[in-house]
Amino acid sequence: MAEEISVSTVQQVIEFLGTFAFAISGIRHAAAKHFDWFGGYVCGIAVAIGGGTIRDVMLGAIPFWMTTPVYMICTAMALLVVIVFSKYMERLSNTWFVFDTLGLALFTIAGIQKSLDYSQPFWVAITMGCITGAAGGVIRDILLNNEPVIFRKEIYAMACFLGGSVYWLLAYLSMPVEITVIVSFTVTCLIRFLAVKYHLSLPVLKGIDNDDSK
Amino acid sequence: MAEEISVSTVQQVIEFLGTFAFAISGIRHAAAKHFDWFGGYVCGIAVAIGGGTIRDVMLGAIPFWMTTPVYMICTAMALLVVIVFSKYMERLSNTWFVFDTLGLALFTIAGIQKSLDYSQPFWVAITMGCITGAAGGVIRDILLNNEPVIFRKEIYAMACFLGGSVYWLLAYLSMPVEITVIVSFTVTCLIRFLAVKYHLSLPVLKGIDNDDSK
Amino acid sequence: MAEEISVSTVQQVIEFLGTFAFAISGIRHAAAKHFDWFGGYVCGIAVAIGGGTIRDVMLGAIPFWMTTPVYMICTAMALLVVIVFSKYMERLSNTWFVFDTLGLALFTIAGIQKSLDYSQPFWVAITMGCITGAAGGVIRDILLNNEPVIFRKEIYAMACFLGGSVYWLLAYLSMPVEITVIVSFTVTCLIRFLAVKYHLSLPVLKGIDNDDSK
């Protein structure tokens, strides 16, 4: 019992740190474009809850952030931190990166589990895991009028996809859910860390002269 | 009874004028980018119904514009007006601004009330009020490939937020709903007018060199 | 019976070719921006399923692509084709254009029929038909950080609209559904072909100096 509480607490702490890091990412990108506080808040919340909201709308569920104010409060705290400690943000880059990666892995697993709870097949669940982890950053880039960075830079969404596939494999092998979660979590984090450390990225599509026929 | 009809009629007239002004805003921005008539119509409808549609999808409701054709017809009329009277649009800027502000205030209140009807807590309702009022303009800017103007310019969404907060405060104090609506409506309009008149805006986030680590 | 199977098979073949052509369109545009394989896949899937997903979310239905993996597999095949045969893509432009037009017409009709199945009135059904056919391309352009091409170029969404109106007219005249589908399909294809052949486009909105008051 004590251990169960502890696992759940660990999960909540990671989720809070992940949400915080996602929000920080949105607000910092907004700051780079000289948005005002409100614009920063919207970009922060978009990264923090955007992916999960798309997932929930497609699953036919009420978006998760509407059931508890913690995500909006967490984003407000992130905004405050960026405003007050703007000078130190650069130095903390590695911290945000670690939080962000933990959040990515946890959000992916949360997306998979919620989809399975809604009786979706595994290929849908993995897709929803990727959307939960990576779609928020795409919405941020759209709001900022940038090209989505995950379509060009080192492996990001692929980490979700591979971590999700490991989840499926272990579940298929009837492993206990705790093992499944921990291994899948670790794989996602590891791929992300290695991708950034060694600048791993997917091959680029060969630019074809675009005829714009459509 | 007579008064009730009159209040409801006033509300319908304001809603029509607001929708019209929102559609005009979308179509004029499309014209500035030399879109064709169809592009103008889509941008117009996006501003007029975009925010309310996002709200309804998140609430699990059928989007409001699917229950009556009045919003699509209203946008078609706005398109016709922009095409026929394009020379006079500039001169009417203040008129559109007034309509737009009335619409903003009314849409915010409509968003709050619909959310409360769906048993949402007040902090969700205020968020939905802001989305109903302000998200259409963001969609317009995304369609036009512009940076969303409300993330930079004078106070716009904050007027929704403050008007919505007043709504909550008065409801909390058990004021009659008519008073609550009228005061909240007035506050939203007033803030918007003052913001434009005195160029009030939120502080800008300090541009941090973006490390693009995410 | 045999004929019914045959009609349904024809429909499935057209749907597959249409999905394939839509996916190819997304991936080629992504290639023109030097996206990586993942970015190409996302742009491809966005064109292939984006419009139908928006339709389904607004109708309150589970998005169609979550019920069968065929759309995601079809997009993966399209990605493979673009990667392997990138040299020959240009030469096949006319093939993709034909597939794309067939897909456009079929998707429009599918959108109309699904909306009617959900007891929506005809003006909603036609709107949903246009969204099913044309919204995927708009999402693609947003992801690519381009101005949506259908707001400027030759008639595209109008083909959906006119084909959908023909569907409504024939249904109103109580024509058998097979005739209705075939005529509406033919009209949509014909308008699209003629629009490209003769560079037909809608009039452009007169650029008004934008006061940015909203």
# chains A, B, ... in the order shown; residues from 1 in each chain; ligands from 1
call {"tool": "residues_around", "arguments": {"residues": "Gln120 of chain B", "least_positions_apart": "3", "cutoff": "9 Å", "atoms": "only C-alpha atoms", "output": "list in words"}}
result
Met66 and Thr67 of chain A; Leu59, Ser115, Leu116, Asp117, Trp123, Val124 and Ala125 of chain B
call {"tool": "write_last_selection", "arguments": {"atoms": "all heavy atoms", "output": "mmCIF file, in the first residue's frame"}}
result
data_model
loop_
_atom_site.group_PDB
_atom_site.id
_atom_site.type_symbol
_atom_site.label_atom_id
_atom_site.label_comp_id
_atom_site.auth_asym_id
_atom_site.auth_seq_id
_atom_site.Cartn_x
_atom_site.Cartn_y
_atom_site.Cartn_z
ATOM 1 N N MET A 66 -9.669 20.205 -17.719
ATOM 2 C CA MET A 66 -10.900 20.804 -17.218
ATOM 3 C C MET A 66 -11.354 20.160 -15.913
ATOM 4 O O MET A 66 -12.323 20.608 -15.290
ATOM 5 C CB MET A 66 -12.006 20.697 -18.273
ATOM 6 C CG MET A 66 -11.778 21.620 -19.464
ATOM 7 S SD MET A 66 -12.756 21.204 -20.931
ATOM 8 C CE MET A 66 -14.419 21.487 -20.312
ATOM 9 N N THR A 67 -10.661 19.106 -15.487
ATOM 10 C CA THR A 67 -11.081 18.413 -14.266
ATOM 11 C C THR A 67 -10.296 18.856 -13.035
ATOM 12 O O THR A 67 -10.702 18.574 -11.917
ATOM 13 C CB THR A 67 -10.914 16.885 -14.431
ATOM 14 O OG1 THR A 67 -9.543 16.633 -14.740
ATOM 15 C CG2 THR A 67 -11.767 16.377 -15.576
ATOM 16 N N LEU B 59 -16.503 21.029 -24.602
ATOM 17 C CA LEU B 59 -17.598 20.758 -23.661
ATOM 18 C C LEU B 59 -18.335 19.462 -24.009
ATOM 19 O O LEU B 59 -19.173 18.996 -23.236
ATOM 20 C CB LEU B 59 -18.603 21.917 -23.659
ATOM 21 C CG LEU B 59 -18.168 23.228 -23.011
ATOM 22 C CD1 LEU B 59 -19.245 24.282 -23.216
ATOM 23 C CD2 LEU B 59 -17.880 23.043 -21.528
ATOM 24 N N SER B 115 -20.872 27.167 -20.534
ATOM 25 C CA SER B 115 -20.027 26.272 -19.734
ATOM 26 C C SER B 115 -20.683 25.956 -18.396
ATOM 27 O O SER B 115 -20.635 24.810 -17.918
ATOM 28 C CB SER B 115 -18.660 26.917 -19.505
ATOM 29 O OG SER B 115 -18.068 27.251 -20.730
ATOM 30 N N LEU B 116 -21.284 26.972 -17.786
ATOM 31 C CA LEU B 116 -21.981 26.727 -16.513
ATOM 32 C C LEU B 116 -23.165 25.793 -16.733
ATOM 33 O O LEU B 116 -23.439 24.913 -15.908
ATOM 34 C CB LEU B 116 -22.437 28.049 -15.894
ATOM 35 C CG LEU B 116 -21.312 29.012 -15.470
ATOM 36 C CD1 LEU B 116 -21.898 30.317 -14.944
ATOM 37 C CD2 LEU B 116 -20.403 28.373 -14.425
ATOM 38 N N ASP B 117 -23.876 25.969 -17.862
ATOM 39 C CA ASP B 117 -24.972 25.048 -18.195
ATOM 40 C C ASP B 117 -24.468 23.612 -18.290
ATOM 41 O O ASP B 117 -25.212 22.669 -18.028
ATOM 42 C CB ASP B 117 -25.604 25.427 -19.549
ATOM 43 C CG ASP B 117 -26.445 26.699 -19.445
ATOM 44 O OD1 ASP B 117 -26.733 27.127 -18.316
ATOM 45 O OD2 ASP B 117 -26.798 27.258 -20.493
ATOM 46 N N TRP B 123 -13.716 28.481 -12.982
ATOM 47 C CA TRP B 123 -12.439 28.759 -13.646
ATOM 48 C C TRP B 123 -12.409 28.181 -15.060
ATOM 49 O O TRP B 123 -11.773 28.746 -15.955
ATOM 50 C CB TRP B 123 -11.252 28.276 -12.807
ATOM 51 C CG TRP B 123 -11.231 26.791 -12.577
ATOM 52 C CD1 TRP B 123 -11.825 26.116 -11.549
ATOM 53 C CD2 TRP B 123 -10.607 25.805 -13.389
ATOM 54 N NE1 TRP B 123 -11.608 24.771 -11.684
ATOM 55 C CE2 TRP B 123 -10.861 24.543 -12.802
ATOM 56 C CE3 TRP B 123 -9.849 25.848 -14.557
ATOM 57 C CZ2 TRP B 123 -10.384 23.355 -13.343
ATOM 58 C CZ3 TRP B 123 -9.381 24.663 -15.097
ATOM 59 C CH2 TRP B 123 -9.650 23.429 -14.492
ATOM 60 N N VAL B 124 -13.137 27.067 -15.287
ATOM 61 C CA VAL B 124 -13.270 26.565 -16.662
ATOM 62 C C VAL B 124 -14.157 27.511 -17.468
ATOM 63 O O VAL B 124 -13.849 27.838 -18.625
ATOM 64 C CB VAL B 124 -13.853 25.136 -16.687
ATOM 65 C CG1 VAL B 124 -14.196 24.718 -18.108
ATOM 66 C CG2 VAL B 124 -12.881 24.140 -16.081
ATOM 67 N N ALA B 125 -15.248 27.973 -16.850
ATOM 68 C CA ALA B 125 -16.197 28.830 -17.554
ATOM 69 C C ALA B 125 -15.527 30.125 -18.025
ATOM 70 O O ALA B 125 -15.734 30.569 -19.159
ATOM 71 C CB ALA B 125 -17.391 29.134 -16.655
#
call {"tool": "closest_atom_pairs", "arguments": {"of": "chain A", "to": "chain C", "cutoff": "6 Å", "atoms": "only C-alpha atoms", "output": "CSV"}}
result
residue,atom,partner,partner_atom,distance
A:Glu147,CA,C:Asn145,CA,5.5
A:Phe151,CA,C:Gly39,CA,4.1
A:Arg152,CA,C:Phe35,CA,5.2
A:Leu202,CA,C:Asp36,CA,5.8
A:Pro203,CA,C:Asp36,CA,5.5
A:Val204,CA,C:Asp36,CA,3.8
A:Leu205,CA,C:Ala31,CA,4.9
A:Lys206,CA,C:Ala31,CA,5.7
A:Gly207,CA,C:Ala32,CA,4.5
A:Ile208,CA,C:Ala32,CA,5.5
call {"tool": "write_last_selection", "arguments": {"atoms": "N, CA and C atoms", "output": "tab-separated table (two decimals), in the first residue's frame"}}
result
chain	number	residue	atom	x	y	z
A	147	GLU	N	8.02	27.18	-38.43
A	147	GLU	CA	7.88	25.80	-38.90
A	147	GLU	C	8.07	24.87	-37.70
A	151	PHE	N	9.70	18.57	-36.98
A	151	PHE	CA	9.70	17.97	-38.31
A	151	PHE	C	11.09	18.05	-38.95
A	152	ARG	N	12.03	18.64	-38.24
A	152	ARG	CA	13.34	18.85	-38.84
A	152	ARG	C	14.49	18.48	-37.93
A	202	LEU	N	16.40	11.81	-38.13
A	202	LEU	CA	15.93	10.99	-39.24
A	202	LEU	C	16.45	11.56	-40.56
A	203	PRO	N	16.51	10.73	-41.61
A	203	PRO	CA	16.90	11.25	-42.92
A	203	PRO	C	15.90	12.31	-43.37
A	204	VAL	N	16.41	13.25	-44.16
A	204	VAL	CA	15.58	14.32	-44.69
A	204	VAL	C	15.00	13.88	-46.03
A	205	LEU	N	13.75	14.29	-46.30
A	205	LEU	CA	13.14	13.99	-47.60
A	205	LEU	C	13.85	14.78	-48.68
A	206	LYS	N	14.08	14.17	-49.83
A	206	LYS	CA	14.72	14.90	-50.93
A	206	LYS	C	13.77	15.96	-51.44
A	207	GLY	N	14.25	17.21	-51.47
A	207	GLY	CA	13.41	18.30	-51.95
A	207	GLY	C	13.07	18.11	-53.41
A	208	ILE	N	11.80	17.97	-53.66
A	208	ILE	CA	11.34	17.84	-55.04
A	208	ILE	C	10.80	19.21	-55.44
call {"tool": "select_by_dssp", "arguments": {"residues": "segment 123-203 of chain C", "states": "alpha helix (DSSP H)", "output": "PyMOL selection string"}}
result
chain C and resi 123-143+157-172+177-197
call {"tool": "write_last_selection", "arguments": {"atoms": "C-alpha atoms", "output": "PDB file, in the first residue's frame"}}
result
ATOM      1  CA  TRP C 123     -26.543  22.848 -45.353  1.00  0.00           C
ATOM      2  CA  VAL C 124     -24.455  21.312 -42.557  1.00  0.00           C
ATOM      3  CA  ALA C 125     -23.857  18.185 -44.665  1.00  0.00           C
ATOM      4  CA  ILE C 126     -22.553  20.216 -47.634  1.00  0.00           C
ATOM      5  CA  THR C 127     -20.293  22.206 -45.296  1.00  0.00           C
ATOM      6  CA  MET C 128     -18.997  18.936 -43.846  1.00  0.00           C
ATOM      7  CA  GLY C 129     -18.448  17.608 -47.369  1.00  0.00           C
ATOM      8  CA  CYS C 130     -16.263  20.626 -48.167  1.00  0.00           C
ATOM      9  CA  ILE C 131     -14.375  20.235 -44.877  1.00  0.00           C
ATOM     10  CA  THR C 132     -13.800  16.522 -45.511  1.00  0.00           C
ATOM     11  CA  GLY C 133     -12.441  17.228 -48.980  1.00  0.00           C
ATOM     12  CA  ALA C 134     -10.516  20.436 -48.488  1.00  0.00           C
ATOM     13  CA  ALA C 135      -9.535  20.979 -44.824  1.00  0.00           C
ATOM     14  CA  GLY C 136      -6.676  18.457 -44.897  1.00  0.00           C
ATOM     15  CA  GLY C 137      -4.810  20.618 -47.403  1.00  0.00           C
ATOM     16  CA  VAL C 138      -5.289  23.665 -45.177  1.00  0.00           C
ATOM     17  CA  ILE C 139      -3.841  21.804 -42.173  1.00  0.00           C
ATOM     18  CA  ARG C 140      -0.887  20.746 -44.346  1.00  0.00           C
ATOM     19  CA  ASP C 141      -0.221  24.374 -45.293  1.00  0.00           C
ATOM     20  CA  ILE C 142      -0.452  25.462 -41.648  1.00  0.00           C
ATOM     21  CA  LEU C 143       2.034  22.749 -40.621  1.00  0.00           C
ATOM     22  CA  ALA C 157     -13.163  23.896 -52.379  1.00  0.00           C
ATOM     23  CA  MET C 158     -15.803  25.377 -54.693  1.00  0.00           C
ATOM     24  CA  ALA C 159     -15.765  22.058 -56.581  1.00  0.00           C
ATOM     25  CA  CYS C 160     -16.739  20.336 -53.313  1.00  0.00           C
ATOM     26  CA  PHE C 161     -19.398  22.951 -52.681  1.00  0.00           C
ATOM     27  CA  LEU C 162     -20.937  22.682 -56.147  1.00  0.00           C
ATOM     28  CA  GLY C 163     -20.734  18.873 -56.215  1.00  0.00           C
ATOM     29  CA  GLY C 164     -22.362  18.858 -52.781  1.00  0.00           C
ATOM     30  CA  SER C 165     -25.121  21.194 -53.963  1.00  0.00           C
ATOM     31  CA  VAL C 166     -25.836  18.839 -56.858  1.00  0.00           C
ATOM     32  CA  TYR C 167     -26.072  16.006 -54.334  1.00  0.00           C
ATOM     33  CA  TRP C 168     -28.608  17.992 -52.353  1.00  0.00           C
ATOM     34  CA  LEU C 169     -30.633  18.915 -55.454  1.00  0.00           C
ATOM     35  CA  LEU C 170     -30.873  15.317 -56.671  1.00  0.00           C
ATOM     36  CA  ALA C 171     -31.732  14.045 -53.191  1.00  0.00           C
ATOM     37  CA  TYR C 172     -34.393  16.771 -52.997  1.00  0.00           C
ATOM     38  CA  VAL C 177     -28.964   7.344 -54.213  1.00  0.00           C
ATOM     39  CA  GLU C 178     -26.720   5.617 -56.812  1.00  0.00           C
ATOM     40  CA  ILE C 179     -27.593   8.208 -59.463  1.00  0.00           C
ATOM     41  CA  THR C 180     -27.158  11.012 -56.922  1.00  0.00           C
ATOM     42  CA  VAL C 181     -23.706   9.791 -55.928  1.00  0.00           C
ATOM     43  CA  ILE C 182     -22.489   9.206 -59.480  1.00  0.00           C
ATOM     44  CA  VAL C 183     -23.715  12.561 -60.823  1.00  0.00           C
ATOM     45  CA  SER C 184     -22.398  14.497 -57.816  1.00  0.00           C
ATOM     46  CA  PHE C 185     -19.056  12.669 -58.078  1.00  0.00           C
ATOM     47  CA  THR C 186     -18.802  13.462 -61.790  1.00  0.00           C
ATOM     48  CA  VAL C 187     -19.687  17.130 -61.298  1.00  0.00           C
ATOM     49  CA  THR C 188     -17.026  17.595 -58.596  1.00  0.00           C
ATOM     50  CA  CYS C 189     -14.336  15.929 -60.731  1.00  0.00           C
ATOM     51  CA  LEU C 190     -15.369  17.847 -63.845  1.00  0.00           C
ATOM     52  CA  ILE C 191     -15.270  21.250 -62.145  1.00  0.00           C
ATOM     53  CA  ARG C 192     -11.857  20.479 -60.678  1.00  0.00           C
ATOM     54  CA  PHE C 193     -10.456  19.312 -64.038  1.00  0.00           C
ATOM     55  CA  LEU C 194     -11.873  22.307 -65.910  1.00  0.00           C
ATOM     56  CA  ALA C 195     -10.647  24.728 -63.218  1.00  0.00           C
ATOM     57  CA  VAL C 196      -7.071  23.484 -63.579  1.00  0.00           C
ATOM     58  CA  LYS C 197      -7.186  23.193 -67.379  1.00  0.00           C
TER      59      LYS C 197
END
call {"tool": "atom_distance", "arguments": {"atom1": "atom CA of Gly18 of chain C", "atom2": "atom CA of Ala48 of chain C"}}
result
8.2 Å
call {"tool": "atom_distance", "arguments": {"atom1": "atom CA of Ile155 of chain A", "atom2": "atom CA of Thr19 of chain C"}}
result
26.8 Å
call {"tool": "decode", "arguments": {"residues": "segment 88-101 of chain C", "atoms": "all heavy atoms", "output": "PDB file, in the first residue's frame"}}
result
ATOM      1  N   TYR C  88      11.123   9.974 -59.791  1.00  0.00           N
ATOM      2  CA  TYR C  88      10.059   9.813 -60.775  1.00  0.00           C
ATOM      3  C   TYR C  88       8.775  10.552 -60.385  1.00  0.00           C
ATOM      4  O   TYR C  88       7.794  10.525 -61.114  1.00  0.00           O
ATOM      5  CB  TYR C  88       9.760   8.322 -60.974  1.00  0.00           C
ATOM      6  CG  TYR C  88      10.995   7.529 -61.275  1.00  0.00           C
ATOM      7  CD1 TYR C  88      11.720   6.916 -60.263  1.00  0.00           C
ATOM      8  CD2 TYR C  88      11.461   7.430 -62.584  1.00  0.00           C
ATOM      9  CE1 TYR C  88      12.877   6.213 -60.536  1.00  0.00           C
ATOM     10  CE2 TYR C  88      12.627   6.736 -62.869  1.00  0.00           C
ATOM     11  CZ  TYR C  88      13.324   6.123 -61.833  1.00  0.00           C
ATOM     12  OH  TYR C  88      14.478   5.448 -62.125  1.00  0.00           O
ATOM     13  N   MET C  89       8.811  11.187 -59.181  1.00  0.00           N
ATOM     14  CA  MET C  89       7.591  11.825 -58.689  1.00  0.00           C
ATOM     15  C   MET C  89       7.084  12.905 -59.643  1.00  0.00           C
ATOM     16  O   MET C  89       5.889  13.023 -59.901  1.00  0.00           O
ATOM     17  CB  MET C  89       7.824  12.447 -57.309  1.00  0.00           C
ATOM     18  CG  MET C  89       8.134  11.448 -56.206  1.00  0.00           C
ATOM     19  SD  MET C  89       6.905  10.145 -56.084  1.00  0.00           S
ATOM     20  CE  MET C  89       5.547  11.055 -55.386  1.00  0.00           C
ATOM     21  N   GLU C  90       8.031  13.694 -60.149  1.00  0.00           N
ATOM     22  CA  GLU C  90       7.669  14.807 -61.030  1.00  0.00           C
ATOM     23  C   GLU C  90       6.898  14.297 -62.251  1.00  0.00           C
ATOM     24  O   GLU C  90       5.863  14.848 -62.627  1.00  0.00           O
ATOM     25  CB  GLU C  90       8.957  15.519 -61.470  1.00  0.00           C
ATOM     26  CG  GLU C  90       8.746  16.886 -62.067  1.00  0.00           C
ATOM     27  CD  GLU C  90       8.120  17.815 -61.051  1.00  0.00           C
ATOM     28  OE1 GLU C  90       8.542  17.788 -59.866  1.00  0.00           O
ATOM     29  OE2 GLU C  90       7.204  18.548 -61.442  1.00  0.00           O
ATOM     30  N   ARG C  91       7.460  13.206 -62.821  1.00  0.00           N
ATOM     31  CA  ARG C  91       6.869  12.669 -64.042  1.00  0.00           C
ATOM     32  C   ARG C  91       5.451  12.139 -63.802  1.00  0.00           C
ATOM     33  O   ARG C  91       4.622  12.094 -64.706  1.00  0.00           O
ATOM     34  CB  ARG C  91       7.770  11.536 -64.560  1.00  0.00           C
ATOM     35  CG  ARG C  91       7.762  11.433 -66.076  1.00  0.00           C
ATOM     36  CD  ARG C  91       8.697  10.333 -66.536  1.00  0.00           C
ATOM     37  NE  ARG C  91      10.063  10.527 -66.025  1.00  0.00           N
ATOM     38  CZ  ARG C  91      11.004   9.584 -66.062  1.00  0.00           C
ATOM     39  NH1 ARG C  91      10.731   8.390 -66.560  1.00  0.00           N
ATOM     40  NH2 ARG C  91      12.218   9.823 -65.598  1.00  0.00           N
ATOM     41  N   LEU C  92       5.197  11.747 -62.550  1.00  0.00           N
ATOM     42  CA  LEU C  92       3.889  11.171 -62.224  1.00  0.00           C
ATOM     43  C   LEU C  92       2.865  12.225 -61.780  1.00  0.00           C
ATOM     44  O   LEU C  92       1.769  11.886 -61.356  1.00  0.00           O
ATOM     45  CB  LEU C  92       4.047  10.119 -61.115  1.00  0.00           C
ATOM     46  CG  LEU C  92       4.688   8.803 -61.539  1.00  0.00           C
ATOM     47  CD1 LEU C  92       5.088   7.984 -60.329  1.00  0.00           C
ATOM     48  CD2 LEU C  92       3.712   8.013 -62.413  1.00  0.00           C
ATOM     49  N   SER C  93       3.221  13.482 -61.880  1.00  0.00           N
ATOM     50  CA  SER C  93       2.352  14.557 -61.395  1.00  0.00           C
ATOM     51  C   SER C  93       0.914  14.406 -61.866  1.00  0.00           C
ATOM     52  O   SER C  93      -0.028  14.561 -61.089  1.00  0.00           O
ATOM     53  CB  SER C  93       2.889  15.917 -61.865  1.00  0.00           C
ATOM     54  OG  SER C  93       3.764  16.425 -60.905  1.00  0.00           O
ATOM     55  N   ASN C  94       0.757  14.100 -63.155  1.00  0.00           N
ATOM     56  CA  ASN C  94      -0.607  13.990 -63.675  1.00  0.00           C
ATOM     57  C   ASN C  94      -1.364  12.835 -63.038  1.00  0.00           C
ATOM     58  O   ASN C  94      -2.566  12.949 -62.788  1.00  0.00           O
ATOM     59  CB  ASN C  94      -0.579  13.818 -65.193  1.00  0.00           C
ATOM     60  CG  ASN C  94      -0.198  15.127 -65.863  1.00  0.00           C
ATOM     61  OD1 ASN C  94      -0.459  16.201 -65.316  1.00  0.00           O
ATOM     62  ND2 ASN C  94       0.438  15.029 -67.023  1.00  0.00           N
ATOM     63  N   THR C  95      -0.647  11.748 -62.762  1.00  0.00           N
ATOM     64  CA  THR C  95      -1.285  10.611 -62.089  1.00  0.00           C
ATOM     65  C   THR C  95      -1.800  11.033 -60.725  1.00  0.00           C
ATOM     66  O   THR C  95      -2.954  10.776 -60.367  1.00  0.00           O
ATOM     67  CB  THR C  95      -0.269   9.461 -61.916  1.00  0.00           C
ATOM     68  OG1 THR C  95       0.396   9.261 -63.157  1.00  0.00           O
ATOM     69  CG2 THR C  95      -0.962   8.185 -61.476  1.00  0.00           C
ATOM     70  N   TRP C  96      -0.922  11.710 -59.938  1.00  0.00           N
ATOM     71  CA  TRP C  96      -1.357  12.139 -58.607  1.00  0.00           C
ATOM     72  C   TRP C  96      -2.522  13.096 -58.702  1.00  0.00           C
ATOM     73  O   TRP C  96      -3.440  13.056 -57.886  1.00  0.00           O
ATOM     74  CB  TRP C  96      -0.219  12.810 -57.825  1.00  0.00           C
ATOM     75  CG  TRP C  96       1.029  12.015 -57.709  1.00  0.00           C
ATOM     76  CD1 TRP C  96       2.308  12.479 -57.851  1.00  0.00           C
ATOM     77  CD2 TRP C  96       1.150  10.610 -57.428  1.00  0.00           C
ATOM     78  NE1 TRP C  96       3.199  11.464 -57.688  1.00  0.00           N
ATOM     79  CE2 TRP C  96       2.530  10.308 -57.431  1.00  0.00           C
ATOM     80  CE3 TRP C  96       0.233   9.590 -57.193  1.00  0.00           C
ATOM     81  CZ2 TRP C  96       3.003   9.017 -57.189  1.00  0.00           C
ATOM     82  CZ3 TRP C  96       0.705   8.307 -56.964  1.00  0.00           C
ATOM     83  CH2 TRP C  96       2.062   8.031 -56.962  1.00  0.00           C
ATOM     84  N   PHE C  97      -2.486  13.959 -59.718  1.00  0.00           N
ATOM     85  CA  PHE C  97      -3.580  14.920 -59.878  1.00  0.00           C
ATOM     86  C   PHE C  97      -4.907  14.197 -60.117  1.00  0.00           C
ATOM     87  O   PHE C  97      -5.935  14.554 -59.542  1.00  0.00           O
ATOM     88  CB  PHE C  97      -3.271  15.889 -61.028  1.00  0.00           C
ATOM     89  CG  PHE C  97      -4.426  16.781 -61.357  1.00  0.00           C
ATOM     90  CD1 PHE C  97      -4.877  17.719 -60.445  1.00  0.00           C
ATOM     91  CD2 PHE C  97      -5.098  16.652 -62.567  1.00  0.00           C
ATOM     92  CE1 PHE C  97      -5.951  18.532 -60.737  1.00  0.00           C
ATOM     93  CE2 PHE C  97      -6.181  17.449 -62.861  1.00  0.00           C
ATOM     94  CZ  PHE C  97      -6.606  18.395 -61.948  1.00  0.00           C
ATOM     95  N   VAL C  98      -4.881  13.167 -60.960  1.00  0.00           N
ATOM     96  CA  VAL C  98      -6.104  12.413 -61.225  1.00  0.00           C
ATOM     97  C   VAL C  98      -6.588  11.712 -59.949  1.00  0.00           C
ATOM     98  O   VAL C  98      -7.761  11.830 -59.573  1.00  0.00           O
ATOM     99  CB  VAL C  98      -5.882  11.371 -62.352  1.00  0.00           C
ATOM    100  CG1 VAL C  98      -7.097  10.448 -62.483  1.00  0.00           C
ATOM    101  CG2 VAL C  98      -5.608  12.075 -63.667  1.00  0.00           C
ATOM    102  N   PHE C  99      -5.672  11.011 -59.264  1.00  0.00           N
ATOM    103  CA  PHE C  99      -6.044  10.356 -58.006  1.00  0.00           C
ATOM    104  C   PHE C  99      -6.604  11.384 -57.009  1.00  0.00           C
ATOM    105  O   PHE C  99      -7.616  11.145 -56.352  1.00  0.00           O
ATOM    106  CB  PHE C  99      -4.829   9.696 -57.346  1.00  0.00           C
ATOM    107  CG  PHE C  99      -4.347   8.451 -58.032  1.00  0.00           C
ATOM    108  CD1 PHE C  99      -4.967   7.960 -59.176  1.00  0.00           C
ATOM    109  CD2 PHE C  99      -3.245   7.761 -57.539  1.00  0.00           C
ATOM    110  CE1 PHE C  99      -4.509   6.812 -59.806  1.00  0.00           C
ATOM    111  CE2 PHE C  99      -2.787   6.603 -58.151  1.00  0.00           C
ATOM    112  CZ  PHE C  99      -3.417   6.131 -59.289  1.00  0.00           C
ATOM    113  N   ASP C 100      -5.901  12.504 -56.914  1.00  0.00           N
ATOM    114  CA  ASP C 100      -6.287  13.535 -55.949  1.00  0.00           C
ATOM    115  C   ASP C 100      -7.704  14.028 -56.219  1.00  0.00           C
ATOM    116  O   ASP C 100      -8.492  14.227 -55.296  1.00  0.00           O
ATOM    117  CB  ASP C 100      -5.292  14.707 -56.052  1.00  0.00           C
ATOM    118  CG  ASP C 100      -5.562  15.778 -55.042  1.00  0.00           C
ATOM    119  OD1 ASP C 100      -6.363  16.687 -55.320  1.00  0.00           O
ATOM    120  OD2 ASP C 100      -4.969  15.704 -53.950  1.00  0.00           O
ATOM    121  N   THR C 101      -8.025  14.205 -57.489  1.00  0.00           N
ATOM    122  CA  THR C 101      -9.350  14.700 -57.849  1.00  0.00           C
ATOM    123  C   THR C 101     -10.422  13.653 -57.553  1.00  0.00           C
ATOM    124  O   THR C 101     -11.491  13.979 -57.025  1.00  0.00           O
ATOM    125  CB  THR C 101      -9.370  15.095 -59.335  1.00  0.00           C
ATOM    126  OG1 THR C 101      -8.361  16.082 -59.550  1.00  0.00           O
ATOM    127  CG2 THR C 101     -10.724  15.646 -59.735  1.00  0.00           C
TER     128      THR C 101
END
